[in-house]
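Coordinates as given in target_1.cif (mmCIF, C-alpha atoms):
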```cif
data_work
#
loop_
_atom_site.label_atom_id
_atom_site.label_comp_id
_atom_site.auth_asym_id
_atom_site.auth_seq_id
_atom_site.Cartn_x
_atom_site.Cartn_y
_atom_site.Cartn_z
CA MET S 254 -38.03 17.15 2.12
CA ALA S 255 -40.98 15.23 3.47
CA THR S 256 -40.64 13.55 6.83
CA MET S 257 -42.20 10.72 8.73
CA VAL S 258 -41.35 9.86 12.30
CA VAL S 259 -41.77 6.34 13.63
CA VAL S 260 -41.13 5.24 17.19
CA HIS S 261 -39.16 1.99 17.46
CA HIS S 262 -39.38 0.15 20.73
CA LYS S 263 -35.60 -0.32 20.69
CA GLN S 264 -34.33 2.76 18.98
CA PRO S 265 -35.94 5.95 17.76
CA SER S 266 -36.50 5.78 14.07
CA SER S 267 -37.42 8.68 11.96
CA THR S 268 -36.74 10.10 8.62
CA ILE S 269 -37.58 10.71 5.11
CA PHE S 270 -35.41 11.57 2.25
CA SER S 271 -35.67 11.22 -1.48
CA SER S 272 -34.54 11.18 -5.13
CA SER S 273 -35.88 11.42 -8.74
CA LEU S 274 -35.42 10.50 -12.37
CA SER S 275 -36.65 11.58 -15.74
CA ASP S 276 -38.47 9.33 -18.18
CA PHE S 277 -36.38 6.34 -19.12
CA ASN S 278 -35.19 6.73 -22.68
CA GLY S 279 -34.03 4.05 -25.07
CA ALA S 280 -34.52 2.82 -28.60
CA ARG S 281 -37.22 0.28 -29.18
CA LEU S 282 -36.13 -3.26 -29.83
CA THR S 283 -37.28 -4.86 -33.07
CA ALA S 284 -36.41 -8.45 -32.37
CA SER S 285 -38.18 -11.54 -33.57
CA VAL S 286 -40.75 -12.76 -31.07
CA GLN S 287 -39.99 -16.07 -29.41
CA TYR S 288 -42.51 -18.86 -29.94
CA LYS S 289 -45.17 -19.44 -27.30
CA ARG S 290 -45.43 -22.71 -25.44
CA LYS S 291 -48.47 -21.91 -23.33
CA VAL S 292 -51.60 -19.81 -23.43
CA TRP S 293 -51.95 -17.82 -20.21
CA GLN S 294 -55.24 -16.95 -18.59
CA SER S 295 -55.32 -14.63 -15.63
CA LYS S 296 -56.94 -15.87 -12.44
CA SER S 297 -59.68 -13.99 -10.62
CA ALA S 298 -58.29 -10.68 -9.45
CA LEU S 299 -58.92 -8.24 -6.65
CA SER S 300 -59.75 -4.77 -7.86
CA VAL S 301 -56.90 -2.28 -7.67
CA THR S 302 -56.96 0.95 -9.65
CA ALA S 303 -53.47 1.74 -10.93
CA SER S 304 -54.34 5.30 -11.91
CA SER S 305 -55.38 6.39 -8.41
CA GLU S 306 -52.84 7.56 -5.85
CA LYS S 307 -51.65 4.73 -3.64
CA LYS S 308 -49.82 4.64 -0.35
CA ILE S 309 -46.92 2.39 -1.31
CA LEU S 310 -44.24 0.73 0.79
CA ILE S 311 -41.01 -0.46 -0.82
CA MET S 312 -39.01 -2.94 1.22
CA GLY S 313 -35.52 -1.72 0.37
CA GLY S 314 -35.24 0.85 -2.38
CA THR S 315 -31.87 2.55 -1.89
CA ARG S 316 -29.89 0.69 -4.53
CA PHE S 317 -30.22 -0.43 -8.12
CA ILE S 318 -33.79 -1.67 -8.82
CA GLY S 319 -35.31 0.35 -6.02
CA LEU S 320 -33.67 3.58 -7.17
CA PHE S 321 -35.39 3.42 -10.53
CA LEU S 322 -38.69 1.94 -9.34
CA SER S 323 -39.22 4.50 -6.57
CA ARG S 324 -38.69 7.37 -8.99
CA LEU S 325 -41.29 6.05 -11.42
CA LEU S 326 -43.81 5.56 -8.62
CA VAL S 327 -43.27 9.08 -7.27
CA LYS S 328 -43.56 10.51 -10.75
CA GLU S 329 -46.91 8.75 -11.16
CA GLY S 330 -48.16 10.56 -8.08
CA HIS S 331 -48.03 7.82 -5.47
CA LYS S 332 -47.03 8.36 -1.84
CA VAL S 333 -43.93 6.20 -1.52
CA THR S 334 -42.13 5.09 1.64
CA LEU S 335 -38.85 3.16 1.70
CA PHE S 336 -38.32 0.68 4.53
CA THR S 337 -34.57 0.38 5.16
CA ARG S 338 -32.08 0.08 8.00
CA GLY S 339 -30.91 3.61 7.24
CA LYS S 340 -27.35 2.61 6.37
CA ALA S 341 -27.50 4.09 2.86
CA PRO S 342 -28.67 7.60 1.98
CA ILE S 343 -32.34 7.67 1.02
CA ALA S 344 -31.80 10.60 -1.30
CA GLN S 345 -28.92 10.21 -3.73
CA GLN S 346 -28.74 11.87 -7.10
CA LEU S 347 -28.51 9.45 -10.00
CA PRO S 348 -26.11 9.86 -12.92
CA GLY S 349 -27.81 11.82 -15.65
CA GLU S 350 -30.47 13.13 -13.26
CA SER S 351 -31.00 16.90 -13.21
CA ASP S 352 -30.89 18.90 -9.99
CA THR S 353 -34.56 19.77 -10.46
CA GLU S 354 -35.60 16.14 -10.86
CA PHE S 355 -33.59 15.11 -7.85
CA SER S 356 -34.95 17.91 -5.70
CA ASP S 357 -38.51 17.02 -6.63
CA TYR S 358 -37.99 13.36 -5.75
CA ALA S 359 -36.19 14.19 -2.51
CA SER S 360 -39.08 16.36 -1.38
CA LYS S 361 -41.60 13.53 -1.78
CA ILE S 362 -39.97 10.23 -0.82
CA LEU S 363 -40.56 8.97 2.74
CA HIS S 364 -38.41 6.75 4.92
CA LEU S 365 -39.33 4.23 7.59
CA LYS S 366 -36.20 3.13 9.43
CA GLY S 367 -36.03 -0.38 10.84
CA ASP S 368 -34.77 -3.94 10.42
CA ARG S 369 -37.17 -6.20 8.55
CA LYS S 370 -35.93 -9.10 10.66
CA ASP S 371 -37.31 -7.33 13.75
CA PHE S 372 -40.73 -8.85 13.16
CA GLU S 373 -42.49 -7.13 16.06
CA PHE S 374 -41.38 -3.72 14.87
CA VAL S 375 -42.43 -4.56 11.33
CA LYS S 376 -45.92 -5.52 12.52
CA SER S 377 -46.41 -2.49 14.75
CA SER S 378 -45.00 0.14 12.40
CA LEU S 379 -46.71 -1.13 9.24
CA SER S 380 -50.08 -1.65 10.91
CA ALA S 381 -49.89 1.91 12.21
CA GLU S 382 -49.23 3.27 8.72
CA GLY S 383 -51.66 1.10 6.74
CA PHE S 384 -50.15 0.82 3.27
CA ASP S 385 -52.18 -0.02 0.13
CA VAL S 386 -49.42 -1.75 -1.82
CA VAL S 387 -46.10 -3.36 -0.91
CA TYR S 388 -43.20 -3.76 -3.32
CA ASP S 389 -40.81 -6.29 -1.79
CA ILE S 390 -37.57 -6.07 -3.73
CA ASN S 391 -35.11 -7.32 -1.12
CA GLY S 392 -37.01 -10.17 0.53
CA ARG S 393 -35.10 -13.43 0.59
CA GLU S 394 -36.99 -15.63 3.06
CA ALA S 395 -40.67 -16.37 3.60
CA ASP S 396 -40.50 -15.65 7.33
CA GLU S 397 -39.56 -12.04 6.45
CA VAL S 398 -42.79 -11.64 4.49
CA GLU S 399 -45.33 -13.15 6.87
CA PRO S 400 -45.16 -10.27 9.42
CA ILE S 401 -45.85 -7.78 6.62
CA LEU S 402 -48.96 -9.68 5.55
CA ASP S 403 -50.11 -9.96 9.16
CA ALA S 404 -49.68 -6.21 9.68
CA LEU S 405 -51.66 -5.23 6.58
CA PRO S 406 -54.92 -7.22 6.43
CA ASN S 407 -56.45 -4.75 3.96
CA LEU S 408 -53.48 -4.79 1.59
CA GLU S 409 -54.52 -4.34 -2.02
CA GLN S 410 -51.46 -5.91 -3.66
CA TYR S 411 -48.13 -7.51 -2.70
CA ILE S 412 -45.60 -7.29 -5.54
CA TYR S 413 -42.58 -9.53 -5.02
CA CYS S 414 -39.17 -9.56 -6.71
CA SER S 415 -38.34 -13.23 -7.11
CA SER S 416 -35.75 -14.70 -9.49
CA ALA S 417 -35.56 -16.88 -12.59
CA GLY S 418 -32.92 -18.75 -10.61
CA VAL S 419 -35.73 -20.76 -8.99
CA TYR S 420 -36.24 -22.87 -12.13
CA LEU S 421 -35.03 -26.44 -12.32
CA LYS S 422 -32.27 -26.88 -14.88
CA THR S 423 -33.76 -28.04 -18.15
CA ASP S 424 -32.67 -29.60 -21.45
CA CYS S 425 -35.45 -27.70 -23.22
CA PRO S 426 -35.00 -23.96 -22.64
CA PRO S 427 -36.26 -21.29 -22.42
CA HIS S 428 -37.83 -21.36 -18.97
CA TYR S 429 -41.55 -20.62 -18.84
CA GLU S 430 -43.49 -19.56 -15.77
CA VAL S 431 -45.22 -22.96 -15.65
CA ASP S 432 -41.94 -24.92 -15.70
CA ALA S 433 -40.63 -27.03 -12.83
CA VAL S 434 -38.78 -25.24 -10.05
CA ASP S 435 -35.80 -26.40 -8.00
CA PRO S 436 -36.51 -26.68 -4.25
CA LYS S 437 -32.75 -26.91 -3.68
CA SER S 438 -31.99 -23.72 -5.59
CA ARG S 439 -29.90 -21.10 -3.82
CA HIS S 440 -33.01 -18.96 -4.33
CA LYS S 441 -35.23 -21.43 -2.49
CA GLY S 442 -36.18 -18.69 -0.02
CA LYS S 443 -37.82 -16.77 -2.86
CA LEU S 444 -39.57 -19.93 -4.00
CA GLU S 445 -40.89 -20.49 -0.47
CA THR S 446 -42.06 -16.86 -0.39
CA GLU S 447 -44.04 -17.39 -3.58
CA SER S 448 -45.64 -20.45 -1.96
CA LEU S 449 -46.52 -18.39 1.12
CA LEU S 450 -48.16 -15.70 -1.00
CA GLN S 451 -50.17 -18.35 -2.84
CA SER S 452 -51.37 -19.81 0.46
CA ARG S 453 -52.55 -16.49 1.91
CA ASP S 454 -55.68 -14.54 1.09
CA VAL S 455 -53.74 -11.76 -0.58
CA ASN S 456 -53.57 -10.29 -4.07
CA TRP S 457 -49.97 -10.92 -5.13
CA THR S 458 -47.75 -10.70 -8.21
CA SER S 459 -44.28 -12.20 -8.52
CA ILE S 460 -41.60 -10.99 -10.93
CA ARG S 461 -38.79 -13.35 -11.93
CA PRO S 462 -35.91 -11.44 -13.56
CA VAL S 463 -33.05 -13.28 -15.24
CA TYR S 464 -29.72 -11.37 -15.16
CA ILE S 465 -30.26 -7.67 -14.50
CA TYR S 466 -27.86 -5.01 -15.76
CA GLY S 467 -27.70 -1.25 -16.02
CA PRO S 468 -26.20 1.78 -14.27
CA LEU S 469 -25.42 1.30 -10.55
CA ASN S 470 -25.56 -2.50 -10.82
CA TYR S 471 -24.14 -3.96 -7.61
CA ASN S 472 -23.58 -7.36 -9.25
CA PRO S 473 -20.46 -7.63 -11.46
CA VAL S 474 -22.33 -8.38 -14.67
CA GLU S 475 -21.31 -5.85 -17.34
CA GLU S 476 -18.74 -4.33 -14.99
CA TRP S 477 -16.69 -7.55 -15.13
CA PHE S 478 -16.30 -7.16 -18.89
CA PHE S 479 -15.73 -3.40 -18.78
CA HIS S 480 -12.82 -3.74 -16.36
CA ARG S 481 -11.02 -6.12 -18.74
CA LEU S 482 -11.82 -4.12 -21.83
CA LYS S 483 -10.53 -0.90 -20.28
CA ALA S 484 -7.30 -2.64 -19.23
CA GLY S 485 -6.85 -4.02 -22.76
CA ARG S 486 -6.83 -7.58 -21.45
CA PRO S 487 -8.13 -10.76 -23.10
CA ILE S 488 -11.56 -11.95 -21.92
CA PRO S 489 -11.40 -15.45 -20.35
CA ILE S 490 -14.66 -17.31 -20.99
CA PRO S 491 -15.34 -20.87 -19.81
CA ASN S 492 -15.63 -23.72 -22.31
CA SER S 493 -16.93 -22.98 -25.82
CA GLY S 494 -18.38 -19.51 -25.20
CA ILE S 495 -21.58 -20.40 -27.04
CA GLN S 496 -23.53 -20.86 -23.81
CA ILE S 497 -26.72 -18.84 -24.19
CA THR S 498 -27.86 -16.41 -21.52
CA GLN S 499 -30.15 -13.39 -21.19
CA LEU S 500 -29.96 -9.91 -19.70
CA GLY S 501 -32.66 -7.37 -18.92
CA HIS S 502 -32.07 -3.66 -18.32
CA VAL S 503 -32.94 -2.37 -14.85
CA LYS S 504 -35.08 0.43 -16.30
CA ASP S 505 -37.16 -2.09 -18.25
CA LEU S 506 -37.53 -4.11 -15.06
CA ALA S 507 -38.75 -1.01 -13.20
CA THR S 508 -41.28 -0.43 -15.97
CA ALA S 509 -42.52 -4.02 -15.60
CA PHE S 510 -43.03 -3.46 -11.88
CA ILE S 511 -45.15 -0.41 -12.73
CA LYS S 512 -47.22 -2.35 -15.27
CA VAL S 513 -48.37 -4.93 -12.73
CA LEU S 514 -49.52 -2.29 -10.23
CA GLY S 515 -53.31 -2.37 -10.04
CA ASN S 516 -53.44 -4.63 -13.09
CA GLU S 517 -56.14 -7.27 -12.67
CA LYS S 518 -54.41 -9.43 -15.26
CA ALA S 519 -51.37 -9.57 -12.94
CA SER S 520 -53.35 -10.81 -9.93
CA LYS S 521 -51.85 -14.02 -8.49
CA GLU S 522 -49.55 -14.35 -11.49
CA ILE S 523 -45.81 -14.91 -12.06
CA PHE S 524 -43.93 -13.13 -14.85
CA ASN S 525 -40.46 -13.67 -16.28
CA ILE S 526 -38.87 -10.31 -17.04
CA SER S 527 -35.76 -9.79 -19.17
CA GLY S 528 -34.62 -8.71 -22.62
CA GLU S 529 -36.38 -10.09 -25.70
CA LYS S 530 -33.26 -11.62 -27.24
CA TYR S 531 -30.69 -14.03 -25.93
CA VAL S 532 -26.91 -13.80 -26.24
CA THR S 533 -23.90 -16.13 -26.05
CA PHE S 534 -21.06 -15.48 -23.61
CA ASP S 535 -18.79 -14.59 -26.53
CA GLY S 536 -21.50 -12.34 -27.96
CA LEU S 537 -21.85 -10.56 -24.63
CA ALA S 538 -18.12 -9.82 -24.52
CA LYS S 539 -18.35 -8.32 -28.00
CA ALA S 540 -21.47 -6.34 -27.12
CA CYS S 541 -19.77 -4.84 -24.07
CA ALA S 542 -16.82 -3.82 -26.24
CA LYS S 543 -19.13 -2.15 -28.74
CA ALA S 544 -21.04 -0.36 -25.96
CA GLY S 545 -17.86 1.09 -24.45
CA GLY S 546 -16.23 1.97 -27.76
CA PHE S 547 -13.45 -0.61 -27.34
CA PRO S 548 -11.88 -2.76 -30.08
CA GLU S 549 -13.33 -6.24 -30.47
CA PRO S 550 -11.79 -8.23 -27.63
CA GLU S 551 -9.49 -11.21 -27.72
CA ILE S 552 -11.43 -14.09 -26.18
CA ILE S 553 -9.67 -16.97 -24.42
CA HIS S 554 -11.66 -20.14 -23.81
CA TYR S 555 -10.69 -22.45 -20.96
CA ASN S 556 -11.86 -25.59 -19.21
CA PRO S 557 -12.78 -24.67 -15.61
CA LYS S 558 -12.15 -28.26 -14.47
CA GLU S 559 -8.44 -27.81 -15.15
CA PHE S 560 -8.08 -25.03 -12.57
CA ASP S 561 -8.37 -24.52 -8.85
CA PHE S 562 -9.54 -20.97 -8.18
CA GLY S 563 -10.23 -21.55 -4.51
CA LYS S 564 -13.19 -19.45 -3.39
CA LYS S 565 -12.77 -16.89 -6.16
CA LYS S 566 -15.29 -16.74 -8.97
CA PRO S 567 -13.52 -16.52 -12.35
CA PHE S 568 -16.66 -15.67 -14.37
CA PRO S 569 -19.82 -13.78 -13.37
CA PHE S 570 -22.37 -16.08 -15.02
CA ARG S 571 -23.45 -19.65 -14.38
CA ASP S 572 -21.66 -21.89 -16.90
CA GLN S 573 -24.75 -23.20 -18.68
CA HIS S 574 -27.59 -22.14 -20.94
CA PHE S 575 -29.87 -19.96 -18.84
CA PHE S 576 -32.66 -17.89 -20.34
CA ALA S 577 -36.42 -17.46 -19.99
CA SER S 578 -39.38 -16.64 -22.19
CA VAL S 579 -40.91 -13.20 -21.69
CA ASP S 580 -43.89 -14.00 -23.93
CA LYS S 581 -46.30 -13.94 -21.00
CA ALA S 582 -45.26 -10.45 -19.89
CA LYS S 583 -45.52 -9.19 -23.47
CA SER S 584 -48.92 -10.79 -24.03
CA VAL S 585 -50.58 -10.14 -20.68
CA LEU S 586 -48.91 -6.89 -19.60
CA GLY S 587 -48.16 -5.43 -23.00
CA LEU S 588 -44.51 -5.15 -21.97
CA LYS S 589 -42.08 -4.07 -24.67
CA PRO S 590 -38.46 -3.66 -23.50
CA GLU S 591 -37.07 -0.24 -24.43
CA PHE S 592 -33.44 -1.35 -24.66
CA ASP S 593 -31.79 -3.86 -26.92
CA LEU S 594 -28.59 -5.33 -25.50
CA VAL S 595 -25.99 -2.98 -27.02
CA GLU S 596 -28.14 0.09 -26.35
CA GLY S 597 -28.67 -0.99 -22.76
CA LEU S 598 -24.99 -1.72 -22.22
CA THR S 599 -24.16 1.66 -23.73
CA ASP S 600 -26.57 3.32 -21.31
CA SER S 601 -24.92 1.49 -18.43
CA TYR S 602 -21.41 2.36 -19.57
CA ASN S 603 -22.13 6.05 -20.23
CA LEU S 604 -23.95 6.59 -16.92
CA ASP S 605 -21.67 4.52 -14.73
CA PHE S 606 -18.41 2.77 -15.65
CA GLY S 607 -17.57 5.30 -18.36
CA ARG S 608 -17.71 8.01 -15.68
CA GLY S 609 -15.15 6.17 -13.60
CA THR S 610 -17.65 4.70 -11.12
CA PHE S 611 -18.03 1.02 -10.32
CA ARG S 612 -18.92 -1.21 -7.37
CA LYS S 613 -15.87 -3.49 -7.26
CA GLU S 614 -12.21 -2.91 -8.03
CA ALA S 615 -10.76 -4.94 -10.88
CA ASP S 616 -9.36 -8.32 -9.84
CA PHE S 617 -7.50 -10.16 -12.58
CA SER S 618 -5.97 -12.86 -10.38
CA THR S 619 -8.05 -15.71 -11.81
CA ASP S 620 -7.50 -14.34 -15.33
CA ASP S 621 -3.75 -14.52 -14.80
CA ILE S 622 -3.99 -18.17 -13.74
CA ILE S 623 -5.98 -18.99 -16.88
CA LEU S 624 -3.82 -16.94 -19.22
CA GLY S 625 -0.62 -18.32 -17.72
CA LYS S 626 -1.63 -21.88 -18.51
CA SER S 627 -2.90 -20.88 -21.96
CA LEU S 628 0.46 -19.32 -22.83
CA VAL S 629 2.28 -22.50 -21.75
CA LEU S 630 0.00 -24.63 -23.93
CA GLN S 631 0.47 -22.33 -26.90
CA SER S 632 4.26 -22.37 -26.61
#
```
Take the structure in this file and express it as C-alpha cells.
Amino acid sequence: MATMVVVHHKQPSSTIFSSSLSDFNGARLTASVQYKRKVWQSKSALSVTASSEKKILIMGGTRFIGLFLSRLLVKEGHKVTLFTRGKAPIAQQLPGESDTEFSDYASKILHLKGDRKDFEFVKSSLSAEGFDVVYDINGREADEVEPILDALPNLEQYIYCSSAGVYLKTDCPPHYEVDAVDPKSRHKGKLETESLLQSRDVNWTSIRPVYIYGPLNYNPVEEWFFHRLKAGRPIPIPNSGIQITQLGHVKDLATAFIKVLGNEKASKEIFNISGEKYVTFDGLAKACAKAGGFPEPEIIHYNPKEFDFGKKKPFPFRDQHFFASVDKAKSVLGLKPEFDLVEGLTDSYNLDFGRGTFRKEADFSTDDIILGKSLVLQS
C-alpha cells in the first residue's frame, strides 16, 4: 500500500489506500444515431498529453463514479490521489473484482485526508503537492472550487462533474450543450461552478450526465424497480408512463471522463454523457424486469395530484420528459457507450442487487397508498 502523509493545521491527516478493476466489459450498442442540431467546434486548447503519466487529484472518489474512474486512471499508469474526509474506506474491493486486481489498485492509490470546505487546508495541502489534473466529482458549489484553482496555478486541466439537471425545461427535447440553463435549478451550484471555470484562466472540461445507473449506485434508480420486482409487487408509475427519460451506465461515464483527459478537443467544452437511446418510464420497468430475470411487471398508473405523500418521494425520476443529446461526445470524443439499457441493467443487477446488496431498504408505504386507492376505484 502506498502512503502519503499530510499535516493538517487542525488534525493530523495521513493515509493512502486503494482499489482496482478489470477492463469494463459490455456489448456494443447498435442504436440509431440521434439527429444533430449543432455543429461543434472546439475552442483553443492548452496542451495536455493524455498518454504521459499525470499526477491526478480526485475530489471524492470512494463511491460510485469515483470507484470506477480511479481504477481506470491507475490502470493507465497515472499517480492518483483521492481527497476525502476519510469516513469511507479508500480501498474496498468491488463486486466482480479479483483479489489480484484489488491488491494492485490498493498498492497504488493515494489518500489526502481533509474537508474540502476547510479552504485554508485545501490551499496549503494542494499547493504543497502540485497536481497536474483535478477531477472534481463531488463539487456542488463554486466557492468549493475557487481554493483549488488558487492552490494550483500551473494546473493542466480541471475536469468537473456537472449535471444535465442544469438545463431549463424545454418543449423541444433533447437537451443540447448550447441550450438554455435554469439559474433556479437545484443544481445551480454546479452551473455557477461552470461559470467560475469559464471566468478563470484554466483549461477546464465539464461533464453533464443525465441519470446514472450501475453497480453500487447510491441513488435509488434501478434499485427502486428491483425492490418491487423481487417482492412481486405492481410498479406504480405516475401519469401515462410514456414520459421519456435517459440513463447512462457508470462505467461508460468513467470512460468518458478518461476520454477528455489531455484531449485538446475537450478544452473549455461541455459534454452531455448518457446512453444513446431513450426509454419511457413503462419501458424502464420492463427493462429492469428483463435484466433481473423477473416476469413482465404489472404497471399501475396514477395521478400524483390525487395523493398527499408528505415528504416521501413515490417515484425516483422527475415526472417529465428529460433526456439529452450525446451527439457532441460521440462526434468530438469518439465516445461509444459499451452498454445498451438491458445489458447495463443486467450488469448492475448481477454485480449488486442480485447479490443481495443495496443502498436503501425497500419502502412500499407510498405504493400502498396508491394501490389502496386504485383497488377502491376498480371495485
Output check: residues returned by the PyMOL selection byres ((chain S and resi 321-334) around 8), as number ranges by chain: S: 272-274, 306-311, 314, 317-320, 335-336, 358, 361-365, 503-504, 507-508, 510-511
Given the PyMOL selection byres ((chain S and resi 440-443) around 8), the residues it picks as a ChimeraX atom specification: /S:392-395,415-416,418-419,435-439,444-447
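Minimum atom-to-atom distance to S:Gly349, evaluated using all atoms listed in the file, belongs to S:Leu469 out of S:Leu469, S:Leu624, S:Val375, S:Leu449.
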Give me the result of the PyMOL selection byres ((chain S and resi 450) around 12) on this file, residue by residue, as a JSON list (two decimals) with C-alpha atoms, in the coordinates of the input.
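Writing the result to expr_37.json gives the following:
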```
[["chain", "number", "residue", "atom", "x", "y", "z"],
["S", 389, "ASP", "CA", -40.81, -6.29, -1.79],
["S", 394, "GLU", "CA", -36.99, -15.63, 3.06],
["S", 395, "ALA", "CA", -40.67, -16.37, 3.60],
["S", 396, "ASP", "CA", -40.50, -15.65, 7.33],
["S", 397, "GLU", "CA", -39.56, -12.04, 6.45],
["S", 398, "VAL", "CA", -42.79, -11.64, 4.49],
["S", 399, "GLU", "CA", -45.33, -13.15, 6.87],
["S", 401, "ILE", "CA", -45.85, -7.78, 6.62],
["S", 402, "LEU", "CA", -48.96, -9.68, 5.55],
["S", 403, "ASP", "CA", -50.11, -9.96, 9.16],
["S", 410, "GLN", "CA", -51.46, -5.91, -3.66],
["S", 411, "TYR", "CA", -48.13, -7.51, -2.70],
["S", 412, "ILE", "CA", -45.60, -7.29, -5.54],
["S", 413, "TYR", "CA", -42.58, -9.53, -5.02],
["S", 415, "SER", "CA", -38.34, -13.23, -7.11],
["S", 443, "LYS", "CA", -37.82, -16.77, -2.86],
["S", 444, "LEU", "CA", -39.57, -19.93, -4.00],
["S", 445, "GLU", "CA", -40.89, -20.49, -0.47],
["S", 446, "THR", "CA", -42.06, -16.86, -0.39],
["S", 447, "GLU", "CA", -44.04, -17.39, -3.58],
["S", 448, "SER", "CA", -45.64, -20.45, -1.96],
["S", 449, "LEU", "CA", -46.52, -18.39, 1.12],
["S", 451, "GLN", "CA", -50.17, -18.35, -2.84],
["S", 452, "SER", "CA", -51.37, -19.81, 0.46],
["S", 453, "ARG", "CA", -52.55, -16.49, 1.91],
["S", 454, "ASP", "CA", -55.68, -14.54, 1.09],
["S", 455, "VAL", "CA", -53.74, -11.76, -0.58],
["S", 456, "ASN", "CA", -53.57, -10.29, -4.07],
["S", 457, "TRP", "CA", -49.97, -10.92, -5.13],
["S", 458, "THR", "CA", -47.75, -10.70, -8.21],
["S", 459, "SER", "CA", -44.28, -12.20, -8.52],
["S", 520, "SER", "CA", -53.35, -10.81, -9.93],
["S", 521, "LYS", "CA", -51.85, -14.02, -8.49],
["S", 522, "GLU", "CA", -49.55, -14.35, -11.49],
["S", 523, "ILE", "CA", -45.81, -14.91, -12.06]]
```
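With all atoms listed in the file as the basis for measurement, S:Pro406 is the residue among S:Pro342, S:Asn470, S:Phe355, S:Pro406 that approaches S:Leu379 most closely.
Between atom CA of S:Glu373 and atom CA of S:Glu409 the interatomic distance comes to 21.9 Å.
Put simply, atom CA of S:Ile488 is 25.2 Å away from atom CA of S:Glu529.
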For S:Thr315, the nearest of the candidates S:Ser356, S:Tyr471, S:Glu551, S:Asp620, counting all atoms listed in the file: S:Tyr471
Near S:Gly607, within 12 Å and counting all atoms listed in the file, which residues show up once chain neighbours fewer than 3 positions away are dropped, as a ChimeraX atom specification? /S:348,468-469,475-476,479-480,482-483,541,544-547,598-604,610-611
I'd like the interatomic distance between atom CA of S:Gln345 and atom CA of S:Ala509, to a tenth of an Å. 23.0 Å
I'd like to know which of S:Ala577, S:Ala540, S:Ile343, S:Leu405 is closest to S:Tyr429, using all atoms listed in the file. S:Ala577
Leaving out S:Pro569 and any residue of its chain fewer than 2 positions from it, which residues lie within 12 Å of it when counting all atoms listed in the file, given as a VMD selection string? chain S and resid 464 472 to 478 489 to 491 498 534 537 to 538 565 to 567 571 to 573
Could you write out that same residue set with C-alpha atoms as a CSV table (one decimal), in the coordinates of the input?
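This went into part18.csv:
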```csv
chain,number,residue,atom,x,y,z
S,464,TYR,CA,-29.7,-11.4,-15.2
S,472,ASN,CA,-23.6,-7.4,-9.2
S,473,PRO,CA,-20.5,-7.6,-11.5
S,474,VAL,CA,-22.3,-8.4,-14.7
S,475,GLU,CA,-21.3,-5.8,-17.3
S,476,GLU,CA,-18.7,-4.3,-15.0
S,477,TRP,CA,-16.7,-7.6,-15.1
S,478,PHE,CA,-16.3,-7.2,-18.9
S,489,PRO,CA,-11.4,-15.4,-20.4
S,490,ILE,CA,-14.7,-17.3,-21.0
S,491,PRO,CA,-15.3,-20.9,-19.8
S,498,THR,CA,-27.9,-16.4,-21.5
S,534,PHE,CA,-21.1,-15.5,-23.6
S,537,LEU,CA,-21.8,-10.6,-24.6
S,538,ALA,CA,-18.1,-9.8,-24.5
S,565,LYS,CA,-12.8,-16.9,-6.2
S,566,LYS,CA,-15.3,-16.7,-9.0
S,567,PRO,CA,-13.5,-16.5,-12.4
S,571,ARG,CA,-23.4,-19.6,-14.4
S,572,ASP,CA,-21.7,-21.9,-16.9
S,573,GLN,CA,-24.8,-23.2,-18.7
```
Which residue, S:Val595, S:Leu506, S:Val579, S:Ala359, has the smallest gap to S:Gly536 when you use all atoms listed in the file? S:Val595
Atom completion result for stretch 580-588 of chain S (N, CA, C and O atoms) as a PDB file, in the coordinates of the input:
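Contents of selection-v7.pdb, as written:
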```pdb
ATOM      1  N   ASP S 580     -42.653 -14.075 -23.144  1.00  0.00           N
ATOM      2  CA  ASP S 580     -43.890 -14.000 -23.930  1.00  0.00           C
ATOM      3  C   ASP S 580     -45.093 -13.632 -23.061  1.00  0.00           C
ATOM      4  O   ASP S 580     -45.970 -12.878 -23.486  1.00  0.00           O
ATOM      5  N   LYS S 581     -45.151 -14.201 -21.861  1.00  0.00           N
ATOM      6  CA  LYS S 581     -46.300 -13.940 -21.000  1.00  0.00           C
ATOM      7  C   LYS S 581     -46.385 -12.465 -20.632  1.00  0.00           C
ATOM      8  O   LYS S 581     -47.464 -11.860 -20.686  1.00  0.00           O
ATOM      9  N   ALA S 582     -45.262 -11.869 -20.253  1.00  0.00           N
ATOM     10  CA  ALA S 582     -45.260 -10.450 -19.890  1.00  0.00           C
ATOM     11  C   ALA S 582     -45.636  -9.578 -21.088  1.00  0.00           C
ATOM     12  O   ALA S 582     -46.344  -8.571 -20.945  1.00  0.00           O
ATOM     13  N   LYS S 583     -45.199  -9.959 -22.272  1.00  0.00           N
ATOM     14  CA  LYS S 583     -45.520  -9.190 -23.470  1.00  0.00           C
ATOM     15  C   LYS S 583     -47.000  -9.312 -23.819  1.00  0.00           C
ATOM     16  O   LYS S 583     -47.655  -8.340 -24.176  1.00  0.00           O
ATOM     17  N   SER S 584     -47.533 -10.542 -23.662  1.00  0.00           N
ATOM     18  CA  SER S 584     -48.920 -10.790 -24.030  1.00  0.00           C
ATOM     19  C   SER S 584     -49.904 -10.241 -23.008  1.00  0.00           C
ATOM     20  O   SER S 584     -50.876  -9.567 -23.360  1.00  0.00           O
ATOM     21  N   VAL S 585     -49.640 -10.508 -21.733  1.00  0.00           N
ATOM     22  CA  VAL S 585     -50.580 -10.140 -20.680  1.00  0.00           C
ATOM     23  C   VAL S 585     -50.429  -8.679 -20.243  1.00  0.00           C
ATOM     24  O   VAL S 585     -51.411  -7.973 -20.033  1.00  0.00           O
ATOM     25  N   LEU S 586     -49.182  -8.234 -20.104  1.00  0.00           N
ATOM     26  CA  LEU S 586     -48.910  -6.890 -19.600  1.00  0.00           C
ATOM     27  C   LEU S 586     -48.687  -5.864 -20.700  1.00  0.00           C
ATOM     28  O   LEU S 586     -48.652  -4.656 -20.431  1.00  0.00           O
ATOM     29  N   GLY S 587     -48.486  -6.341 -21.914  1.00  0.00           N
ATOM     30  CA  GLY S 587     -48.160  -5.430 -23.000  1.00  0.00           C
ATOM     31  C   GLY S 587     -46.761  -4.866 -22.869  1.00  0.00           C
ATOM     32  O   GLY S 587     -46.464  -3.772 -23.357  1.00  0.00           O
ATOM     33  N   LEU S 588     -45.878  -5.623 -22.213  1.00  0.00           N
ATOM     34  CA  LEU S 588     -44.510  -5.150 -21.970  1.00  0.00           C
ATOM     35  C   LEU S 588     -43.680  -5.208 -23.241  1.00  0.00           C
ATOM     36  O   LEU S 588     -43.660  -6.222 -23.940  1.00  0.00           O
TER      37      LEU S 588
END
```
